[in-house]
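Asks: Structure: target.cif, mmCIF, C-alpha atoms and all ligand atoms.
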```cif
data_entry
loop_
_atom_site.group_PDB
_atom_site.id
_atom_site.type_symbol
_atom_site.label_atom_id
_atom_site.label_comp_id
_atom_site.auth_asym_id
_atom_site.auth_seq_id
_atom_site.Cartn_x
_atom_site.Cartn_y
_atom_site.Cartn_z
ATOM 1 C CA MET A 1 -194.044 84.864 -190.030
ATOM 2 C CA ASN A 2 -190.423 85.860 -190.450
ATOM 3 C CA ASP A 3 -188.099 88.468 -189.051
ATOM 4 C CA ALA A 4 -188.926 90.976 -191.803
ATOM 5 C CA GLN A 5 -192.188 91.511 -189.954
ATOM 6 C CA THR A 6 -190.608 92.198 -186.579
ATOM 7 C CA ILE A 7 -190.647 95.465 -184.641
ATOM 8 C CA ALA A 8 -187.495 96.952 -183.114
ATOM 9 C CA VAL A 9 -187.970 97.660 -179.401
ATOM 10 C CA GLU A 10 -185.862 98.974 -176.549
ATOM 11 C CA VAL A 11 -185.947 97.619 -173.005
ATOM 12 C CA ILE A 12 -187.019 100.546 -170.817
ATOM 13 C CA GLY A 13 -187.635 98.749 -167.519
ATOM 14 C CA ILE A 14 -186.569 95.554 -165.744
ATOM 15 C CA GLU A 15 -187.697 94.375 -162.325
ATOM 16 C CA GLN A 16 -186.929 91.123 -160.537
ATOM 17 C CA VAL A 17 -190.409 90.242 -159.254
ATOM 18 C CA THR A 18 -189.680 86.793 -157.769
ATOM 19 C CA PRO A 19 -186.431 84.839 -157.315
ATOM 20 C CA LEU A 20 -187.034 83.307 -160.778
ATOM 21 C CA ILE A 21 -189.111 85.848 -162.729
ATOM 22 C CA LYS A 22 -188.058 89.150 -164.286
ATOM 23 C CA HIS A 23 -190.557 91.705 -165.554
ATOM 24 C CA PHE A 24 -189.520 93.573 -168.722
ATOM 25 C CA LYS A 25 -190.997 96.732 -170.251
ATOM 26 C CA LEU A 26 -190.461 97.261 -173.974
ATOM 27 C CA ALA A 27 -191.057 100.395 -176.050
ATOM 28 C CA ALA A 28 -190.915 100.855 -179.820
ATOM 29 C CA LEU A 29 -187.492 102.098 -180.901
ATOM 30 C CA ALA A 30 -189.182 104.320 -183.471
ATOM 31 C CA GLY A 31 -191.418 105.832 -180.772
ATOM 32 C CA GLY A 32 -195.204 105.870 -180.804
ATOM 33 C CA ASN A 33 -197.586 103.068 -180.063
ATOM 34 C CA LEU A 34 -197.036 99.354 -180.511
ATOM 35 C CA PRO A 35 -199.662 97.259 -182.373
ATOM 36 C CA VAL A 36 -203.072 96.637 -180.841
ATOM 37 C CA PHE A 37 -203.546 93.339 -178.983
ATOM 38 C CA SER A 38 -206.118 91.610 -176.799
ATOM 39 C CA GLY A 39 -205.698 89.765 -173.492
ATOM 40 C CA GLY A 40 -204.066 86.345 -173.926
ATOM 41 C CA SER A 41 -201.806 87.451 -176.809
ATOM 42 C CA HIS A 42 -198.154 86.515 -177.025
ATOM 43 C CA ILE A 43 -195.177 87.931 -178.868
ATOM 44 C CA ILE A 44 -192.032 86.206 -180.102
ATOM 45 C CA VAL A 45 -188.893 87.904 -178.809
ATOM 46 C CA VAL A 46 -185.919 87.561 -181.150
ATOM 47 C CA MET A 47 -182.626 87.528 -179.251
ATOM 48 C CA GLN A 48 -179.284 87.703 -181.016
ATOM 49 C CA GLY A 49 -177.065 85.511 -178.837
ATOM 50 C CA ALA A 50 -173.306 85.105 -179.178
ATOM 51 C CA ASP A 51 -173.522 82.138 -181.539
ATOM 52 C CA ARG A 52 -177.193 81.804 -182.412
ATOM 53 C CA VAL A 53 -180.550 83.516 -182.592
ATOM 54 C CA HIS A 54 -183.167 82.659 -179.976
ATOM 55 C CA ARG A 55 -186.858 83.230 -180.687
ATOM 56 C CA ASN A 56 -189.012 82.643 -177.610
ATOM 57 C CA PRO A 57 -192.755 83.206 -177.103
ATOM 58 C CA TYR A 58 -193.868 85.324 -174.122
ATOM 59 C CA SER A 59 -197.401 86.352 -173.141
ATOM 60 C CA LEU A 60 -198.109 90.072 -172.991
ATOM 61 C CA LEU A 61 -199.105 91.012 -169.448
ATOM 62 C CA SER A 62 -199.637 94.745 -169.866
ATOM 63 C CA SER A 63 -202.983 96.432 -170.393
ATOM 64 C CA PRO A 64 -204.298 96.199 -173.972
ATOM 65 C CA ARG A 65 -205.517 99.782 -173.440
ATOM 66 C CA TYR A 66 -202.014 101.233 -173.173
ATOM 67 C CA LEU A 67 -199.873 100.597 -176.216
ATOM 68 C CA ASP A 68 -196.877 102.819 -175.486
ATOM 69 C CA THR A 69 -195.192 99.813 -173.860
ATOM 70 C CA TYR A 70 -195.488 96.034 -173.873
ATOM 71 C CA GLU A 71 -194.731 94.097 -170.699
ATOM 72 C CA ILE A 72 -193.623 90.468 -170.418
ATOM 73 C CA GLY A 73 -192.564 88.190 -167.568
ATOM 74 C CA VAL A 74 -189.674 85.794 -168.130
ATOM 75 C CA ARG A 75 -189.032 82.839 -165.857
ATOM 76 C CA ARG A 76 -185.478 81.579 -165.660
ATOM 77 C CA MET A 77 -185.745 78.005 -166.919
ATOM 78 C CA GLU A 78 -183.296 75.515 -165.409
ATOM 79 C CA GLU A 79 -183.207 73.528 -168.647
ATOM 80 C CA SER A 80 -182.997 76.594 -170.851
ATOM 81 C CA ARG A 81 -181.221 76.248 -174.160
ATOM 82 C CA GLY A 82 -180.351 79.905 -173.881
ATOM 83 C CA GLY A 83 -183.390 82.134 -174.412
ATOM 84 C CA SER A 84 -184.465 82.656 -170.808
ATOM 85 C CA HIS A 85 -180.858 82.887 -169.633
ATOM 86 C CA PHE A 86 -180.209 85.490 -172.324
ATOM 87 C CA MET A 87 -183.157 87.567 -171.111
ATOM 88 C CA HIS A 88 -182.072 87.236 -167.463
ATOM 89 C CA ASP A 89 -178.314 87.616 -167.804
ATOM 90 C CA THR A 90 -177.612 89.665 -170.925
ATOM 91 C CA VAL A 91 -180.560 91.992 -171.459
ATOM 92 C CA HIS A 92 -180.336 95.302 -169.591
ATOM 93 C CA ILE A 93 -182.147 98.613 -169.687
ATOM 94 C CA GLY A 94 -181.356 100.103 -173.072
ATOM 95 C CA SER A 95 -180.942 96.708 -174.796
ATOM 96 C CA ARG A 96 -182.493 96.508 -178.237
ATOM 97 C CA LEU A 97 -184.545 93.493 -179.266
ATOM 98 C CA GLU A 98 -186.806 92.493 -182.127
ATOM 99 C CA ILE A 99 -190.328 91.290 -181.472
ATOM 100 C CA ALA A 100 -192.961 89.749 -183.718
ATOM 101 C CA HIS A 101 -196.452 91.239 -183.897
ATOM 102 C CA PRO A 102 -198.794 89.939 -181.162
ATOM 103 C CA VAL A 103 -200.886 86.859 -181.884
ATOM 104 C CA ASN A 104 -203.722 85.635 -179.684
ATOM 105 C CA LEU A 105 -204.126 81.866 -179.328
ATOM 106 C CA PHE A 106 -205.673 82.165 -175.848
ATOM 107 C CA GLY A 107 -208.424 84.749 -176.161
ATOM 108 C CA LEU A 108 -211.437 85.136 -173.883
ATOM 109 C CA ASP A 109 -214.654 83.721 -175.294
ATOM 110 C CA LYS A 110 -216.939 86.636 -176.082
ATOM 111 C CA ILE A 111 -220.209 84.837 -175.351
ATOM 112 C CA ALA A 112 -219.177 83.230 -172.051
ATOM 113 C CA ARG A 113 -221.561 83.916 -169.165
ATOM 114 C CA LYS A 114 -218.713 83.592 -166.658
ATOM 115 C CA HIS A 115 -214.932 83.124 -166.821
ATOM 116 C CA VAL A 116 -212.933 80.937 -164.411
ATOM 117 C CA LEU A 117 -209.198 81.601 -164.762
ATOM 118 C CA ILE A 118 -206.704 79.107 -163.312
ATOM 119 C CA ALA A 119 -202.995 80.001 -163.179
ATOM 120 C CA GLY A 120 -199.935 78.141 -161.960
ATOM 121 C CA GLY A 121 -196.675 80.067 -161.443
ATOM 122 C CA ILE A 122 -195.526 81.992 -164.534
ATOM 123 C CA GLY A 123 -198.872 80.955 -166.094
ATOM 124 C CA ILE A 124 -200.324 84.079 -164.480
ATOM 125 C CA THR A 125 -198.923 86.305 -167.266
ATOM 126 C CA PRO A 126 -201.614 85.948 -170.001
ATOM 127 C CA PHE A 127 -204.302 86.420 -167.354
ATOM 128 C CA LEU A 128 -202.917 89.800 -166.283
ATOM 129 C CA ALA A 129 -203.806 91.231 -169.693
ATOM 130 C CA GLN A 130 -207.106 89.330 -169.828
ATOM 131 C CA LEU A 131 -208.079 90.796 -166.461
ATOM 132 C CA GLU A 132 -207.618 94.251 -167.962
ATOM 133 C CA ASP A 133 -210.213 93.258 -170.557
ATOM 134 C CA LEU A 134 -212.543 91.746 -167.931
ATOM 135 C CA HIS A 135 -212.220 94.427 -165.268
ATOM 136 C CA GLY A 136 -215.188 96.732 -165.291
ATOM 137 C CA GLY A 137 -217.064 94.553 -167.782
ATOM 138 C CA GLY A 138 -220.398 92.935 -167.086
ATOM 139 C CA VAL A 139 -219.314 89.274 -167.184
ATOM 140 C CA PRO A 140 -218.471 87.703 -163.792
ATOM 141 C CA TYR A 141 -215.078 86.065 -163.370
ATOM 142 C CA GLU A 142 -212.757 84.636 -160.751
ATOM 143 C CA LEU A 143 -209.025 83.941 -160.684
ATOM 144 C CA HIS A 144 -207.433 80.950 -158.948
ATOM 145 C CA TYR A 145 -203.642 81.398 -158.685
ATOM 146 C CA SER A 146 -201.368 78.668 -157.367
ATOM 147 C CA VAL A 147 -197.694 79.268 -156.486
ATOM 148 C CA ARG A 148 -194.919 77.411 -154.682
ATOM 149 C CA SER A 149 -194.740 79.916 -151.811
ATOM 150 C CA SER A 150 -195.404 83.587 -151.166
ATOM 151 C CA GLU A 151 -192.002 84.691 -152.510
ATOM 152 C CA HIS A 152 -192.906 83.085 -155.877
ATOM 153 C CA ALA A 153 -196.235 84.924 -156.197
ATOM 154 C CA ALA A 154 -195.456 87.263 -159.098
ATOM 155 C CA PHE A 155 -197.554 90.410 -159.560
ATOM 156 C CA LEU A 156 -199.559 89.691 -156.390
ATOM 157 C CA GLU A 157 -199.786 93.329 -155.252
ATOM 158 C CA ARG A 158 -201.193 94.355 -158.613
ATOM 159 C CA LEU A 159 -203.764 91.548 -158.448
ATOM 160 C CA ARG A 160 -204.763 92.100 -154.815
ATOM 161 C CA GLY A 161 -205.331 95.806 -155.299
ATOM 162 C CA ARG A 162 -207.557 95.328 -158.279
ATOM 163 C CA GLU A 163 -209.300 91.985 -157.971
ATOM 164 C CA GLY A 164 -210.151 91.816 -154.266
ATOM 165 C CA GLU A 165 -212.270 88.782 -153.473
ATOM 166 C CA ARG A 166 -212.253 87.555 -157.077
ATOM 167 C CA LEU A 167 -208.636 86.488 -156.426
ATOM 168 C CA HIS A 168 -208.109 83.096 -154.736
ATOM 169 C CA MET A 169 -204.510 82.292 -153.754
ATOM 170 C CA TYR A 170 -203.073 78.804 -153.117
ATOM 171 C CA TYR A 171 -199.593 78.227 -151.659
ATOM 172 C CA ASP A 172 -197.972 74.783 -152.129
ATOM 173 C CA SER A 173 -195.738 75.535 -149.128
ATOM 174 C CA GLU A 174 -198.851 75.621 -146.947
ATOM 175 C CA GLY A 175 -200.396 72.526 -148.498
ATOM 176 C CA GLN A 176 -203.080 74.532 -150.287
ATOM 177 C CA LEU A 177 -204.341 72.969 -153.508
ATOM 178 C CA ILE A 178 -206.878 74.315 -155.975
ATOM 179 C CA PRO A 179 -210.029 72.160 -155.431
ATOM 180 C CA PHE A 180 -210.464 71.500 -159.156
ATOM 181 C CA GLU A 181 -213.344 69.030 -158.886
ATOM 182 C CA ALA A 182 -215.435 71.199 -156.557
ATOM 183 C CA LEU A 183 -214.567 74.376 -158.427
ATOM 184 C CA LEU A 184 -215.616 73.028 -161.810
ATOM 185 C CA ALA A 185 -218.671 71.177 -160.466
ATOM 186 C CA THR A 186 -220.290 74.326 -159.096
ATOM 187 C CA GLN A 187 -220.122 76.718 -162.047
ATOM 188 C CA PRO A 188 -223.237 78.058 -163.769
ATOM 189 C CA LEU A 189 -224.111 76.910 -167.281
ATOM 190 C CA GLY A 190 -222.237 78.914 -169.914
ATOM 191 C CA THR A 191 -219.044 79.256 -167.836
ATOM 192 C CA HIS A 192 -215.705 78.987 -169.663
ATOM 193 C CA VAL A 193 -212.553 77.777 -167.897
ATOM 194 C CA TYR A 194 -209.034 78.906 -168.852
ATOM 195 C CA VAL A 195 -205.847 77.340 -167.526
ATOM 196 C CA CYS A 196 -202.192 78.271 -167.946
ATOM 197 C CA GLY A 197 -199.385 76.710 -165.927
ATOM 198 C CA PRO A 198 -197.435 73.461 -165.635
ATOM 199 C CA ALA A 199 -198.453 70.568 -167.914
ATOM 200 C CA GLY A 200 -199.763 68.499 -164.985
ATOM 201 C CA MET A 201 -202.118 71.280 -163.924
ATOM 202 C CA ILE A 202 -203.373 71.842 -167.465
ATOM 203 C CA ASN A 203 -204.022 68.148 -168.012
ATOM 204 C CA HIS A 204 -205.801 67.852 -164.672
ATOM 205 C CA VAL A 205 -208.117 70.780 -165.420
ATOM 206 C CA ILE A 206 -208.900 69.464 -168.913
ATOM 207 C CA THR A 207 -209.657 65.915 -167.754
ATOM 208 C CA THR A 208 -211.663 67.103 -164.724
ATOM 209 C CA ALA A 209 -213.754 69.444 -166.858
ATOM 210 C CA GLN A 210 -214.325 66.772 -169.515
ATOM 211 C CA ALA A 211 -215.289 64.196 -166.882
ATOM 212 C CA GLY A 212 -217.732 66.747 -165.471
ATOM 213 C CA GLY A 213 -219.439 67.130 -168.831
ATOM 214 C CA TRP A 214 -217.963 70.486 -169.862
ATOM 215 C CA PRO A 215 -218.039 70.911 -173.646
ATOM 216 C CA ASP A 216 -214.553 71.129 -175.193
ATOM 217 C CA SER A 217 -215.439 74.557 -176.580
ATOM 218 C CA HIS A 218 -215.651 75.870 -172.975
ATOM 219 C CA ILE A 219 -212.192 74.608 -171.934
ATOM 220 C CA HIS A 220 -209.221 76.803 -172.887
ATOM 221 C CA TRP A 221 -205.581 76.250 -172.092
ATOM 222 C CA GLU A 222 -202.200 77.607 -173.026
ATOM 223 C CA GLN A 223 -198.852 76.009 -172.653
ATOM 224 C CA PHE A 224 -196.003 76.868 -174.949
ATOM 225 C CA SER A 225 -193.489 74.078 -174.645
ATOM 226 C CA ALA A 226 -189.899 75.197 -174.592
ATOM 227 C CA PRO A 227 -188.098 73.165 -177.274
ATOM 228 C CA PRO A 228 -186.494 70.311 -175.326
ATOM 229 C CA VAL A 229 -182.893 69.269 -175.732
ATOM 230 C CA GLY A 230 -182.225 65.830 -177.255
ATOM 231 C CA ASP A 231 -179.837 63.776 -179.345
ATOM 232 C CA ALA A 232 -178.261 65.355 -182.407
ATOM 233 C CA PHE A 233 -179.592 64.206 -185.776
ATOM 234 C CA GLU A 234 -179.396 65.038 -189.471
ATOM 235 C CA VAL A 235 -182.256 66.172 -191.676
ATOM 236 C CA PHE A 236 -182.420 66.540 -195.456
ATOM 237 C CA LEU A 237 -184.681 69.279 -196.844
ATOM 238 C CA ALA A 238 -185.975 67.855 -200.119
ATOM 239 C CA ARG A 239 -187.103 71.031 -201.884
ATOM 240 C CA SER A 240 -184.143 73.117 -200.731
ATOM 241 C CA LYS A 241 -181.788 70.195 -201.416
ATOM 242 C CA ILE A 242 -179.662 70.755 -198.333
ATOM 243 C CA SER A 243 -178.672 68.686 -195.317
ATOM 244 C CA VAL A 244 -178.980 70.284 -191.891
ATOM 245 C CA HIS A 245 -177.336 69.155 -188.669
ATOM 246 C CA VAL A 246 -179.540 69.551 -185.572
ATOM 247 C CA PRO A 247 -177.334 69.759 -182.454
ATOM 248 C CA PRO A 248 -178.623 68.581 -179.043
ATOM 249 C CA ASP A 249 -179.353 72.077 -177.727
ATOM 250 C CA GLN A 250 -180.964 73.566 -180.832
ATOM 251 C CA SER A 251 -184.482 72.898 -182.077
ATOM 252 C CA LEU A 252 -185.191 71.482 -185.517
ATOM 253 C CA LEU A 253 -186.850 74.770 -186.496
ATOM 254 C CA GLU A 254 -183.889 76.845 -185.291
ATOM 255 C CA SER A 255 -181.458 74.611 -187.168
ATOM 256 C CA ILE A 256 -183.473 74.886 -190.405
ATOM 257 C CA GLU A 257 -183.666 78.673 -190.012
ATOM 258 C CA ALA A 258 -179.934 78.888 -189.345
ATOM 259 C CA ALA A 259 -179.430 77.101 -192.691
ATOM 260 C CA GLY A 260 -181.344 79.915 -194.393
ATOM 261 C CA VAL A 261 -184.656 78.131 -194.997
ATOM 262 C CA GLU A 262 -187.815 79.838 -193.760
ATOM 263 C CA VAL A 263 -190.592 77.883 -192.063
ATOM 264 C CA PRO A 264 -193.858 79.634 -191.124
ATOM 265 C CA TYR A 265 -194.499 79.940 -187.386
ATOM 266 C CA LEU A 266 -196.649 81.762 -184.865
ATOM 267 C CA CYS A 267 -196.141 80.273 -181.419
ATOM 268 C CA ARG A 268 -192.827 78.360 -181.554
ATOM 269 C CA GLY A 269 -194.268 76.317 -178.699
ATOM 270 C CA GLY A 270 -196.081 73.414 -180.343
ATOM 271 C CA VAL A 271 -199.564 74.903 -180.144
ATOM 272 C CA CYS A 272 -200.606 76.811 -183.275
ATOM 273 C CA GLY A 273 -199.895 74.342 -186.081
ATOM 274 C CA PHE A 274 -198.255 76.901 -188.378
ATOM 275 C CA CYS A 275 -194.935 75.068 -188.651
ATOM 276 C CA HIS A 276 -196.636 71.768 -189.646
ATOM 277 C CA THR A 277 -194.205 69.982 -191.997
ATOM 278 C CA GLN A 278 -194.581 66.811 -194.053
ATOM 279 C CA VAL A 279 -192.182 63.965 -193.362
ATOM 280 C CA LEU A 280 -191.167 62.313 -196.650
ATOM 281 C CA GLU A 281 -188.768 59.671 -195.373
ATOM 282 C CA LEU A 282 -187.886 58.419 -191.919
ATOM 283 C CA ASP A 283 -185.477 55.753 -190.780
ATOM 284 C CA GLY A 284 -186.098 55.775 -187.029
ATOM 285 C CA GLU A 285 -188.702 57.535 -184.935
ATOM 286 C CA LEU A 286 -190.038 61.031 -184.368
ATOM 287 C CA VAL A 287 -190.095 62.574 -180.888
ATOM 288 C CA HIS A 288 -193.326 64.560 -180.893
ATOM 289 C CA ASN A 289 -193.369 67.281 -178.209
ATOM 290 C CA ASP A 290 -196.228 69.381 -179.575
ATOM 291 C CA HIS A 291 -199.829 69.835 -178.413
ATOM 292 C CA PHE A 292 -201.141 70.195 -181.965
ATOM 293 C CA LEU A 293 -201.043 66.807 -183.711
ATOM 294 C CA SER A 294 -203.526 64.155 -182.608
ATOM 295 C CA GLU A 295 -202.191 60.939 -181.117
ATOM 296 C CA ALA A 296 -203.255 59.186 -184.342
ATOM 297 C CA ASP A 297 -201.300 61.660 -186.480
ATOM 298 C CA LYS A 298 -198.274 61.335 -184.204
ATOM 299 C CA ALA A 299 -198.397 57.554 -184.604
ATOM 300 C CA LYS A 300 -198.505 57.848 -188.405
ATOM 301 C CA ALA A 301 -195.166 59.741 -188.371
ATOM 302 C CA LYS A 302 -196.057 61.540 -191.593
ATOM 303 C CA SER A 303 -195.761 65.050 -190.180
ATOM 304 C CA ILE A 304 -193.815 66.949 -187.538
ATOM 305 C CA MET A 305 -193.945 70.308 -185.741
ATOM 306 C CA PRO A 306 -190.284 71.369 -186.000
ATOM 307 C CA CYS A 307 -190.591 74.162 -183.404
ATOM 308 C CA VAL A 308 -190.556 71.636 -180.543
ATOM 309 C CA SER A 309 -190.283 68.107 -181.974
ATOM 310 C CA ARG A 310 -187.179 66.121 -182.816
ATOM 311 C CA ALA A 311 -186.177 62.699 -184.154
ATOM 312 C CA HIS A 312 -184.156 59.639 -183.215
ATOM 313 C CA CYS A 313 -183.124 58.487 -186.641
ATOM 314 C CA LYS A 314 -180.450 57.826 -189.198
ATOM 315 C CA ARG A 315 -182.336 59.568 -191.975
ATOM 316 C CA LEU A 316 -185.139 62.153 -191.939
ATOM 317 C CA VAL A 317 -186.332 63.883 -195.112
ATOM 318 C CA LEU A 318 -188.727 66.829 -194.842
ATOM 319 C CA ASP A 319 -190.827 68.545 -197.489
ATOM 320 C CA LEU A 320 -189.060 71.905 -197.184
HETATM 321 S S1 LIG B 401 -194.908 77.397 -184.581
HETATM 322 FE FE1 LIG B 401 -196.760 76.941 -183.560
HETATM 323 S S2 LIG B 401 -196.754 74.754 -183.537
HETATM 324 FE FE2 LIG B 401 -194.810 75.235 -184.340
#
```
Show me, as structure tokens, the structure contained in the file I just sent.

Replies:
Amino acid sequence: MNDAQTIAVEVIGIEQVTPLIKHFKLAALAGGNLPVFSGGSHIIVVMQGADRVHRNPYSLLSSPRYLDTYEIGVRRMEESRGGSHFMHDTVHIGSRLEIAHPVNLFGLDKIARKHVLIAGGIGITPFLAQLEDLHGGGVPYELHYSVRSSEHAAFLERLRGREGERLHMYYDSEGQLIPFEALLATQPLGTHVYVCGPAGMINHVITTAQAGGWPDSHIHWEQFSAPPVGDAFEVFLARSKISVHVPPDQSLLESIEAAGVEVPYLCRGGVCGFCHTQVLELDGELVHNDHFLSEADKAKAKSIMPCVSRAHCKRLVLDL
């Protein structure tokens, strides 16, 4: 994917829905409908900052049935390298942005007999669109939504009005925890579980389900890592024959793109595998932050996912 395939959109609505989350509505600048998508899809939003371009993935939370607008929720990240701050502080109604076509890496399984959805905080966003797909269908489902406190419960009115007793709320401030073991132990055969939220929650759901004998094909999760900051390092791109400096607050992928070299991507969050790049030489160690490579592949240090991973090294040569 590259920016030639993006769609120009205008921000037509912004609402602060919790102290940390803003809800944005986007419409095609050219008018008409935006591309078709299914629940669980994300888009990449391309933001032209003062000194660099940010490209961040956000789940679509609007109904897949209505394509005149796309809706996303953006949480202000404390450790942001700029993207979430740009959306919160710079984008206003009337702002123009570029977005990539939707991609679904977190779709509902079509042959599931039941769906159990587990959300933590901003992790509610992909489920809002999935619920539009599930609502009125014949497959039973339930949603378990955990938040810090009531003021952090984004989109709760929308959920309460529509989901009724299928919605189960848990407030950390009141000591309420999702009973993962009991929840997963009592589901009928053929149930699929989906989790989106903090890494600790995702890992806990995956390990609990696996320990309970759930097949891997019935466990679905989504977590786009924001590219972490780190030490600066240099990389040499062997096929392009250029050296690229990667500053502490810019990802390897962003630095390569800024140098004019295109790398394929879909998620920019360490999940999809599209940016997989061969490491030709390394004098030091790689800092793998992705969820794509196996532990064995990470240990081999022969490949890297430049959207989120970095290096501590004197010399890194990539096959680009
Ligand atoms: S773009 Fe998806 S893993 Fe890097």

Asks: Which is closer to ligand LIG 401 (chain B) than all the others in A:Tyr66, A:Ala209, A:Leu105, A:Ser255, using only C-alpha atoms and all ligand atoms?

Replies: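 So, comparing all the options, the nearest one is A:Leu105.
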
Asks: Excluding Gly269 (chain A) and its own-chain neighbours fewer than 6 positions away, which residues fall within 9 Å of it when counting all atoms listed in the file? Please give them as an MDAnalysis selection string.

Replies: chainID A and resid 56:57 223:227 290:291 307:308

Asks: For region 183-192 of chain A, list every protein, DNA or RNA residue within 8 Å, evaluated using only C-alpha atoms, and leave out those in the same chain fewer than 5 positions away; present the list as a list in words.

Replies: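 Result of the neighbour search: Asp109, Ala112, Arg113, Lys114, His115, Val116, Thr208, Ala209, Gly212, His218, Ile219 and His220 of chain A.
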
Asks: CA of Leu34 (chain A) to CA of Glu157 (chain A): how many Å, to one decimal?

Replies: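 Computing it gives 26.1 Å between the two atoms.
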
Asks: Report, in Å to a single decimal, how far apart CA of Val91 (chain A) and CA of Arg65 (chain A) are.

Replies: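 Distance reported for this atom pair: 26.2 Å.
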
Asks: Which of these, A:Pro64, A:Gly284, A:Pro102, A:Pro264, has the shortest distance to ligand LIG 401 (chain B) once you count all atoms listed in the file?

Replies: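 For ligand LIG 401 (chain B), the nearest of the candidates is A:Pro264.
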
Asks: Evaluating the PyMOL selection byres (((not hetatm)) within 8 of (chain B and resi 401)) on the displayed file yields which residues, as number ranges by chain?

Replies: A: 264-276, 290-292, 305-308

Asks: Using the chain letters and numbers from the file, which residues does the PyMOL selection byres (((chain A and resi 229) around 10) and not hetatm) grab, as a PyMOL selection string?

Replies: chain A and resi 79-81+226-228+230-232+247-251+308-310

Asks: For the interface of region 137-232 of chain A with region 14-25 of chain A (cut-off 9 Å, counting all atoms listed in the file), please tabulate each contacting residue of region 137-232 of chain A alongside its nearest pair of atoms and their separation in Å to one decimal, rows sorted by chain and increasing number, as JSON lines.

Replies:
```
{"residue": "A:Glu151", "atom": "CA", "partner": "A:Thr18", "partner_atom": "CA", "distance": 6.1}
{"residue": "A:His152", "atom": "CA", "partner": "A:Thr18", "partner_atom": "CA", "distance": 5.3}
{"residue": "A:Ala153", "atom": "CA", "partner": "A:Thr18", "partner_atom": "CA", "distance": 7.0}
{"residue": "A:Ala154", "atom": "CA", "partner": "A:Val17", "partner_atom": "CA", "distance": 5.9}
{"residue": "A:Phe155", "atom": "CA", "partner": "A:Val17", "partner_atom": "CA", "distance": 7.2}
```

Asks: Within 8 Å of (-206.9, 90.9, -170.6), all atoms listed in the file: residues as JSON, numbers by chain?

Replies: {"A": [38, 39, 40, 61, 63, 64, 126, 127, 128, 129, 130, 131, 132, 133, 134]}

Asks: Please measure the separation of CA of Ile304 (chain A) and CA of Thr125 (chain A), giving the value in Å to one decimal.

Replies: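 Atom-to-atom, CA of Ile304 (chain A) and CA of Thr125 (chain A) are spaced 28.5 Å apart.
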
Asks: Between A:His92, A:Gly260, A:Ala301, A:Gly83, which one has atoms that come closest to Ala50 (chain A), using only C-alpha atoms?

Replies: A:Gly83

Asks: Quick one: everything within 10 Å of His168 (chain A), counting all atoms listed in the file, minus sequence neighbours fewer than 4 positions away in the same chain. Send it as a list in words.

Replies: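 Everything that qualifies: Ile118, Glu142, Leu143, His144, Tyr145, Ser146, Arg160, Glu163, Gly164 and Ile178 of chain A.
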
Asks: Could the residues in this selection be written to a file with C-alpha atoms, as a tab-separated table (two decimals), in the coordinates of the input?

Replies:
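This went into part_12.tsv:
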```tsv
chain	number	residue	atom	x	y	z
A	118	ILE	CA	-206.70	79.11	-163.31
A	142	GLU	CA	-212.76	84.64	-160.75
A	143	LEU	CA	-209.02	83.94	-160.68
A	144	HIS	CA	-207.43	80.95	-158.95
A	145	TYR	CA	-203.64	81.40	-158.68
A	146	SER	CA	-201.37	78.67	-157.37
A	160	ARG	CA	-204.76	92.10	-154.82
A	163	GLU	CA	-209.30	91.98	-157.97
A	164	GLY	CA	-210.15	91.82	-154.27
A	178	ILE	CA	-206.88	74.32	-155.98
```

Asks: Identify the residues within 9 Å of coordinate (-188.4, 96.7, -185.3) (same frame as the file), considering only C-alpha atoms, and give the answer as a list in words.

Replies: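 Answer for this query, in the requested form: Ala4, Gln5, Thr6, Ile7, Ala8, Val9, Ala28, Leu29, Ala30, Leu97, Glu98, Ile99 and Ala100 of chain A.
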
Asks: Go through A:His245, A:Glu257, A:Leu293, A:Val263 and flag the residue nearest Ala311 (chain A), using only C-alpha atoms for the distances.

Replies: A:His245

Asks: Quick one: everything within 10 Å of Cys313 (chain A), counting only C-alpha atoms, minus sequence neighbours fewer than 4 positions away in the same chain. Send it as a list of chain:residue names.

Replies: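 Counting only the stated atoms, we get A:Asp231, A:Ala232, A:Phe233, A:Glu234, A:Val235, A:Leu282, A:Asp283, A:Gly284, A:Glu285, A:Leu286, A:Val287.
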
Asks: Take the PyMOL selection byres (((chain A and resi 278) around 7) and not hetatm), run it mentally on this structure, and tell me the resulting residues as a ChimeraX atom specification.

Replies: /A:276-277,279-280,302-304,318-319

Asks: Measuring between all atoms listed in the file, which one of A:Met169, A:Asn289, A:Ser217, A:Val11 shows the shortest distance to Ile111 (chain A)?

Replies: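 Among the listed residues, A:Ser217 lies closest to Ile111 (chain A).
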